[in-house]
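The structure appears right after this line, and notes come after that.
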Amino acid sequence: MAELIRQHLLVRGALYRTADGRLLFFSHKECRLYDLQETSITQWLSAASGLATTATVFNFARDMLTAHVARQGTLVEIHPLSHYDVQSQVLTVSNGGGGV
C-alpha cells in the first residue's frame, strides 16, 4: 500500500525535501506545495487511497512515504514569494496561498 501511494503521488507531482528537513509534495495539477507533516496532505492522501486516517495501514503508509522522501526526495530550496532561475529561465511567483 505504501508503494502504491508513493507511485500515485509521483504520477501527479513530485516529492521534495529541504536542507532544514521539510518533506514536501508538489501537485502539478493544483500547482500547490503540500507539507507532508500537515493536515492538508493527510486529507489528500486519505481521499487518494480510500483509507481512513485512523487506519493502521494508512499511518504505516504515510510513515513509509515520509521516510522515503527524507532519504530520497529531491533536495530543493523553497522561496516563499518569488524566484527566478537563470539557468532554466523560469519565474515562479506565489499566489499568496499554497500555490504558485
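Each chain in the C-alpha cells gets a letter, A, B, ..., in the order shown, and its residues are numbered from 1; ligands are numbered from 1 in order too.
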Report task. Mind listing the helix (DSSP H, G or I) residues of chain A, per DSSP on the backbone, as a VMD selection string? Result -> chain A and resid 2 to 12 39 to 49 56 to 72
Query - Residue list (strand (DSSP E), DSSP) for stretch 4-53 of chain A, as an NGL selection string - result: :A and (13-18 or 23-27 or 32-35)
Requested in this report: Have a look at A:Val11, A:Ala70, A:Leu4, A:Leu75 and name the one nearest to A:Leu36; count only C-alpha atoms.
Outcome: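 Nearest to A:Leu36: A:Ala70.
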Report task. Have a look at A:Asp85, A:Glu30, A:Arg17, A:Gln72 and name the one nearest to A:Trp44; count only C-alpha atoms. Result ->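 When distances to A:Trp44 are compared using only C-alpha atoms, the smallest one comes from A:Glu30.
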Query - Residues near A:Ser46, cut-off 12 Å, only C-alpha atoms, skip fewer than 5 positions along chain, as a list in words - result: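 Those residues are Ile5, Thr39, Ser40, Ile41, Leu51, Ala52, Thr53, Thr54, Ala55, Val57, Phe58, Asn59, Ala61 and Arg62 of chain A.
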Requested in this report: Take atom CA of A:Ser94 and atom CA of A:His79 and report the distance between them in Å, one decimal.
Outcome: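 For atom CA of A:Ser94 relative to atom CA of A:His79, the distance reads 8.8 Å.
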**Report entry** For A:Val76, the nearest of the candidates A:Asp20, A:Phe60, A:Glu3, A:Arg12, counting only C-alpha atoms
**Finding:** A:Asp20
Query - Nearest-residue call for A:Thr18, choices A:Gly50, A:Gly73, A:Gly96, A:Pro80, using only C-alpha atoms - result: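 Result for the nearest residue to A:Thr18: A:Gly73.
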Query raised in the report: Excluding same-chain residues fewer than 5 positions from A:Leu91, what lies within 12 Å of it counting only C-alpha atoms, as number ranges by chain?
Result: A: 79, 81-86, 100
Report task. Could you tell me how far atom CA of A:Ser27 lies from atom CA of A:Glu77, in Å and to one decimal? Result ->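 Atom-to-atom, atom CA of A:Ser27 to atom CA of A:Glu77, that is 16.7 Å.
Atom CA of A:Thr42 to atom CA of A:Asp63 spans 11.3 Å [interatomic distance, one decimal].
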Query raised in the report: Nearest to A:Leu45: which of A:Gly97, A:Thr74, A:Gln7, A:Thr92 is it, counting only C-alpha atoms?
Result: A:Gln7
